[in-house]
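The file coords_16.cif comes next; it holds mmCIF, C-alpha atoms and all ligand atoms.
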data_start
#
loop_
_atom_site.group_PDB
_atom_site.id
_atom_site.type_symbol
_atom_site.label_atom_id
_atom_site.label_comp_id
_atom_site.auth_asym_id
_atom_site.auth_seq_id
_atom_site.Cartn_x
_atom_site.Cartn_y
_atom_site.Cartn_z
ATOM 1 C CA MET V 1 99.130 128.803 116.937
ATOM 2 C CA ASP V 2 99.715 132.373 115.725
ATOM 3 C CA ASP V 3 97.733 134.203 113.016
ATOM 4 C CA ILE V 4 100.257 133.495 110.249
ATOM 5 C CA GLU V 5 100.214 129.759 110.941
ATOM 6 C CA LEU V 6 96.405 129.771 111.087
ATOM 7 C CA ALA V 7 96.245 131.475 107.691
ATOM 8 C CA GLU V 8 98.404 128.739 106.157
ATOM 9 C CA SER V 9 96.688 125.854 107.905
ATOM 10 C CA TYR V 10 93.713 124.039 106.424
ATOM 11 C CA PHE V 11 91.175 122.292 108.590
ATOM 12 C CA ILE V 12 90.906 118.602 107.752
ATOM 13 C CA GLY V 13 88.643 117.202 110.434
ATOM 14 C CA LYS V 14 88.195 116.244 114.035
ATOM 15 C CA LYS V 15 91.076 114.219 115.423
ATOM 16 C CA GLU V 16 88.841 111.540 116.943
ATOM 17 C CA GLU V 17 86.932 111.045 113.681
ATOM 18 C CA ILE V 18 90.137 110.660 111.653
ATOM 19 C CA ILE V 19 91.493 108.194 114.196
ATOM 20 C CA LYS V 20 88.275 106.183 113.771
ATOM 21 C CA THR V 21 88.293 106.213 109.967
ATOM 22 C CA LYS V 22 92.141 106.058 109.803
ATOM 23 C CA ARG V 23 92.138 108.014 106.519
ATOM 24 C CA ILE V 24 90.534 111.063 105.030
ATOM 25 C CA THR V 25 90.882 112.823 101.697
ATOM 26 C CA LYS V 26 90.292 116.529 101.213
ATOM 27 C CA PHE V 27 90.620 119.085 98.446
ATOM 28 C CA VAL V 28 92.767 121.753 100.070
ATOM 29 C CA HIS V 29 93.797 125.004 98.383
ATOM 30 C CA GLY V 30 93.903 123.388 94.931
ATOM 31 C CA ARG V 31 95.418 120.061 96.017
ATOM 32 C CA ASP V 32 93.965 116.611 96.646
ATOM 33 C CA ILE V 33 95.361 115.584 100.012
ATOM 34 C CA LEU V 34 95.351 112.311 101.911
ATOM 35 C CA VAL V 35 95.680 112.333 105.697
ATOM 36 C CA ILE V 36 96.435 109.042 107.431
ATOM 37 C CA HIS V 37 96.462 108.130 111.077
ATOM 38 C CA HIS V 38 98.818 105.231 111.730
ATOM 39 C CA LYS V 39 99.887 104.006 115.175
ATOM 40 C CA GLY V 40 99.455 107.348 116.877
ATOM 41 C CA THR V 41 100.903 109.554 114.143
ATOM 42 C CA PHE V 42 99.217 111.631 111.446
ATOM 43 C CA TYR V 43 100.742 111.876 107.978
ATOM 44 C CA ALA V 44 99.633 114.048 105.073
ATOM 45 C CA MET V 45 100.592 113.696 101.431
ATOM 46 C CA ASP V 46 99.408 114.350 97.921
ATOM 47 C CA LEU V 47 96.598 111.907 97.237
ATOM 48 C CA HIS V 48 97.789 110.861 93.766
ATOM 49 C CA CYS V 49 100.847 108.656 93.455
ATOM 50 C CA TYR V 50 103.842 110.172 91.675
ATOM 51 C CA HIS V 51 104.151 107.184 89.331
ATOM 52 C CA ALA V 52 100.932 107.420 87.343
ATOM 53 C CA GLY V 53 98.431 109.257 89.500
ATOM 54 C CA GLY V 54 96.838 106.280 91.232
ATOM 55 C CA SER V 55 94.995 107.057 94.442
ATOM 56 C CA LEU V 56 96.959 106.231 97.574
ATOM 57 C CA GLU V 57 93.803 106.270 99.700
ATOM 58 C CA ASN V 58 93.718 102.492 100.173
ATOM 59 C CA GLY V 59 97.456 101.868 100.126
ATOM 60 C CA ASP V 60 98.829 99.464 102.741
ATOM 61 C CA ILE V 61 101.253 100.801 105.319
ATOM 62 C CA GLU V 62 104.328 98.606 105.632
ATOM 63 C CA GLU V 63 107.918 98.902 106.737
ATOM 64 C CA PHE V 64 110.729 98.436 104.218
ATOM 65 C CA ASP V 65 114.398 99.056 104.923
ATOM 66 C CA ASN V 66 113.388 100.347 108.387
ATOM 67 C CA LYS V 67 111.219 103.024 106.763
ATOM 68 C CA LEU V 68 107.471 103.254 107.146
ATOM 69 C CA CYS V 69 105.942 103.366 103.666
ATOM 70 C CA ILE V 70 102.619 103.537 101.892
ATOM 71 C CA VAL V 71 102.329 101.007 99.081
ATOM 72 C CA CYS V 72 100.420 102.338 96.104
ATOM 73 C CA PRO V 73 97.588 99.923 95.238
ATOM 74 C CA SER V 74 98.037 100.512 91.492
ATOM 75 C CA HIS V 75 101.558 99.206 90.809
ATOM 76 C CA LYS V 76 102.935 98.648 94.329
ATOM 77 C CA TYR V 77 105.410 101.527 94.354
ATOM 78 C CA LYS V 78 106.656 102.202 97.869
ATOM 79 C CA ILE V 79 106.707 105.743 99.230
ATOM 80 C CA THR V 80 108.188 106.614 102.613
ATOM 81 C CA LEU V 81 105.821 108.388 104.963
ATOM 82 C CA GLY V 82 108.675 110.383 106.444
ATOM 83 C CA GLU V 83 109.955 112.143 103.333
ATOM 84 C CA GLY V 84 107.911 111.012 100.350
ATOM 85 C CA GLU V 85 110.925 109.135 99.001
ATOM 86 C CA GLY V 86 110.392 106.488 96.330
ATOM 87 C CA ILE V 87 112.252 103.319 97.305
ATOM 88 C CA TYR V 88 112.720 100.013 95.531
ATOM 89 C CA LYS V 89 114.617 96.774 95.976
ATOM 90 C CA ALA V 90 116.996 95.544 93.327
ATOM 91 C CA THR V 91 120.225 93.680 92.735
ATOM 92 C CA ASN V 92 123.255 95.237 91.123
ATOM 93 C CA PRO V 93 124.531 92.721 88.554
ATOM 94 C CA ARG V 94 128.022 94.267 88.849
ATOM 95 C CA ASP V 95 128.313 93.209 92.485
ATOM 96 C CA ASP V 96 130.585 90.200 93.054
ATOM 97 C CA VAL V 97 127.720 88.466 94.792
ATOM 98 C CA PRO V 98 124.529 90.152 93.553
ATOM 99 C CA THR V 99 122.363 90.615 96.601
ATOM 100 C CA PRO V 100 119.028 92.428 96.651
ATOM 101 C CA ARG V 101 119.115 95.714 98.533
ATOM 102 C CA TRP V 102 117.039 98.867 98.844
ATOM 103 C CA TYR V 103 117.671 101.926 96.718
ATOM 104 C CA SER V 104 116.170 105.401 96.833
ATOM 105 C CA LYS V 105 114.881 107.399 93.882
ATOM 106 C CA GLY V 106 114.820 110.536 96.039
ATOM 107 C CA ILE V 107 111.769 112.536 97.048
ATOM 108 C CA LYS V 108 108.930 111.832 94.644
ATOM 109 C CA GLN V 109 105.768 112.433 96.627
ATOM 110 C CA ARG V 110 104.970 115.806 98.207
ATOM 111 C CA MET V 111 104.357 115.374 101.928
ATOM 112 C CA HIS V 112 102.647 117.975 104.072
ATOM 113 C CA ALA V 113 102.788 118.866 107.749
ATOM 114 C CA VAL V 114 99.979 117.993 110.142
ATOM 115 C CA LYS V 115 99.073 119.992 113.224
ATOM 116 C CA GLU V 116 96.592 119.325 115.970
ATOM 117 C CA VAL V 117 94.895 122.219 117.723
ATOM 118 C CA ASP V 118 92.329 121.493 120.434
ATOM 119 C CA GLY V 119 91.245 118.204 118.878
ATOM 120 C CA ASP V 120 91.136 119.564 115.315
ATOM 121 C CA ILE V 121 93.543 118.391 112.628
ATOM 122 C CA PHE V 122 95.038 120.901 110.199
ATOM 123 C CA VAL V 123 97.363 120.465 107.248
ATOM 124 C CA ILE V 124 100.072 122.940 106.370
ATOM 125 C CA LEU V 125 100.889 122.518 102.702
ATOM 126 C CA SER V 126 104.486 121.795 101.823
ATOM 127 C CA SER V 127 106.470 124.772 100.616
ATOM 128 C CA MET V 128 109.434 122.675 99.546
ATOM 129 C CA PRO V 129 110.764 124.491 96.485
ATOM 130 C CA GLY V 130 111.135 122.858 93.110
ATOM 131 C CA TRP V 131 109.164 120.281 91.227
ATOM 132 C CA ILE V 132 108.256 117.045 92.976
ATOM 133 C CA GLU V 133 106.804 114.402 90.674
ATOM 134 C CA SER V 134 103.469 114.117 92.486
ATOM 135 C CA ASP V 135 102.919 117.840 91.702
ATOM 136 C CA TYR V 136 101.906 116.892 88.167
ATOM 137 C CA TYR V 137 98.765 115.141 89.419
ATOM 138 C CA GLN V 138 97.665 118.339 91.151
ATOM 139 C CA THR V 139 97.635 120.421 87.985
ATOM 140 C CA GLU V 140 94.669 121.620 85.946
ATOM 141 C CA LYS V 141 96.264 119.935 82.922
ATOM 142 C CA TYR V 142 96.062 116.559 84.657
ATOM 143 C CA ARG V 143 92.526 117.171 85.930
ATOM 144 C CA LYS V 144 91.372 118.020 82.384
ATOM 145 C CA GLU V 145 93.061 114.912 80.968
ATOM 146 C CA ARG V 146 91.446 112.764 83.632
ATOM 147 C CA SER V 147 87.975 114.195 83.154
ATOM 148 C CA SER V 148 88.148 113.663 79.386
ATOM 149 C CA CYS V 149 88.878 109.915 79.770
HETATM 150 FE FE1 LIG P 201 101.171 104.292 92.038
HETATM 151 FE FE2 LIG P 201 101.729 103.263 89.692
HETATM 152 S S1 LIG P 201 100.264 104.775 90.136
HETATM 153 S S2 LIG P 201 102.519 102.708 91.582
#
Show the structure stored in the file as structure tokens.
Amino acid sequence: MDDIELAESYFIGKKEEIIKTKRITKFVHGRDILVIHHKGTFYAMDLHCYHAGGSLENGDIEEFDNKLCIVCPSHKYKITLGEGEGIYKATNPRDDVPTPRWYSKGIKQRMHAVKEVDGDIFVILSSMPGWIESDYYQTEKYRKERSSC
């Protein structure tokens, strides 16, 4: 890893410990992050769900439409672990034979990159430009609203 990458990487924890606990949350450079270890792969994402800010920490991991997803415990929204896409199943009443199928809402949850260096796990925060809905739950405005409840 070169110096530039090191500067943009944030230490999350020891690989073996995260594998044991399966999940870890960390406050990283102003963001609440969730790192998950699932079947040999690490995933990192904003901790708060794009829908209404629920914590994804205890969300089940399930496959829908051939996509691995985390299911938000609050209202069961499904978020792909690959892209942070919100997906849902519905029927189109205009179809001749309305049949339930999966639809995408596009990218809703900001996902981050994970890197392992010598048994340590680092997160590299997403630099995807533009507003992603989960960004709202990382703002000071949201934190103030939450603390005043
Ligand atoms: Fe996650 Fe509503 S807060 S589904």
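Selection result for the displayed file, with the PyMOL selection byres (((not hetatm)) within 6 of (chain P and resi 201)) as criterion, is Cys49, His51, Ala52, Gly53, Gly54, Cys72, Ser74, His75, Lys76 and Tyr77 of chain V.
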**OP:** Compile the contact shell of Ile18 in chain V as a list in words: residues with an atom at most 8 Å away, counting all atoms listed in the file, same-chain residues fewer than 6 positions apart removed.
**Re:** Ile24, Ile36 and His37 of chain V
**OP:** I would like the residues chosen by the PyMOL selection byres (((chain V and resi 109) around 12) and not hetatm) on the shown file; could you give them as a PyMOL selection string?
**Re:** chain V and resi 33-34+44-53+56+69-70+72+77-87+105-108+110-112+126+128+131-138
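Nearest residue to Tyr142 in chain V, choosing from V:Arg31, V:Arg94, V:Lys115, V:Arg101 and counting all atoms listed in the file: V:Arg31.
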As a check of understanding, name the residues that the PyMOL selection byres (((chain V and resi 89) around 8) and not hetatm) selects in the supplied structure, as a compact mmCIF listing (two decimals) with C-alpha atoms, in the frame of the given file.
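Just written: selection_2.txt:
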# COMPACT_ATOMS: atom_id res chain seq x y z
CA ILE V 87 112.25 103.32 97.30
CA TYR V 88 112.72 100.01 95.53
CA ALA V 90 117.00 95.54 93.33
CA THR V 91 120.22 93.68 92.74
CA PRO V 100 119.03 92.43 96.65
CA ARG V 101 119.12 95.71 98.53
CA TRP V 102 117.04 98.87 98.84
CA TYR V 103 117.67 101.93 96.72
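Taking CA of Ile12 in chain V and CA of Phe122 in chain V as endpoints, the distance between them is 5.3 Å.
In this model, the gap between CA of Val71 in chain V and CA of His38 in chain V comes to 13.8 Å.
Interatomic distance, CA of Arg23 in chain V against CA of Val35 in chain V: 5.6 Å.
If you measure from each of V:Gly30, V:Gly13, V:Thr99, V:Lys22 to Glu140 in chain V using only C-alpha atoms, the closest one turns out to be V:Gly30.
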Original post:
Which one is closest to Val114 in chain V: V:Asp32, V:Glu63, V:Tyr43, V:Glu8? Count all atoms listed in the file.
Top reply: V:Tyr43
Quick one: 5 Å padding each side, axis-aligned, all listed atoms of range 15-33 of chain V - centre and edge lengths in Å to one decimal, as AutoDock Vina command-line options?
--center_x 91.2 --center_y 115.5 --center_z 105.9 --size_x 18.5 --size_y 28.9 --size_z 32.0
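Using all atoms listed in the file, the shortest contact distance between Thr21 in chain V and any of V:Ser9, V:Glu57, V:Ser104, V:Glu116 is found at V:Glu57.
Nearest to Thr139 in chain V of all the residues V:His29, V:Asn58, V:Phe11, V:Leu125 is V:His29, based on all atoms listed in the file.
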**OP:** Please check which residues have atoms at most 7 Å from (87.7, 121.6, 116.3) in the file's coordinates, counting only C-alpha atoms, and write them as a ChimeraX atom specification.
**Re:** /V:14,118-120
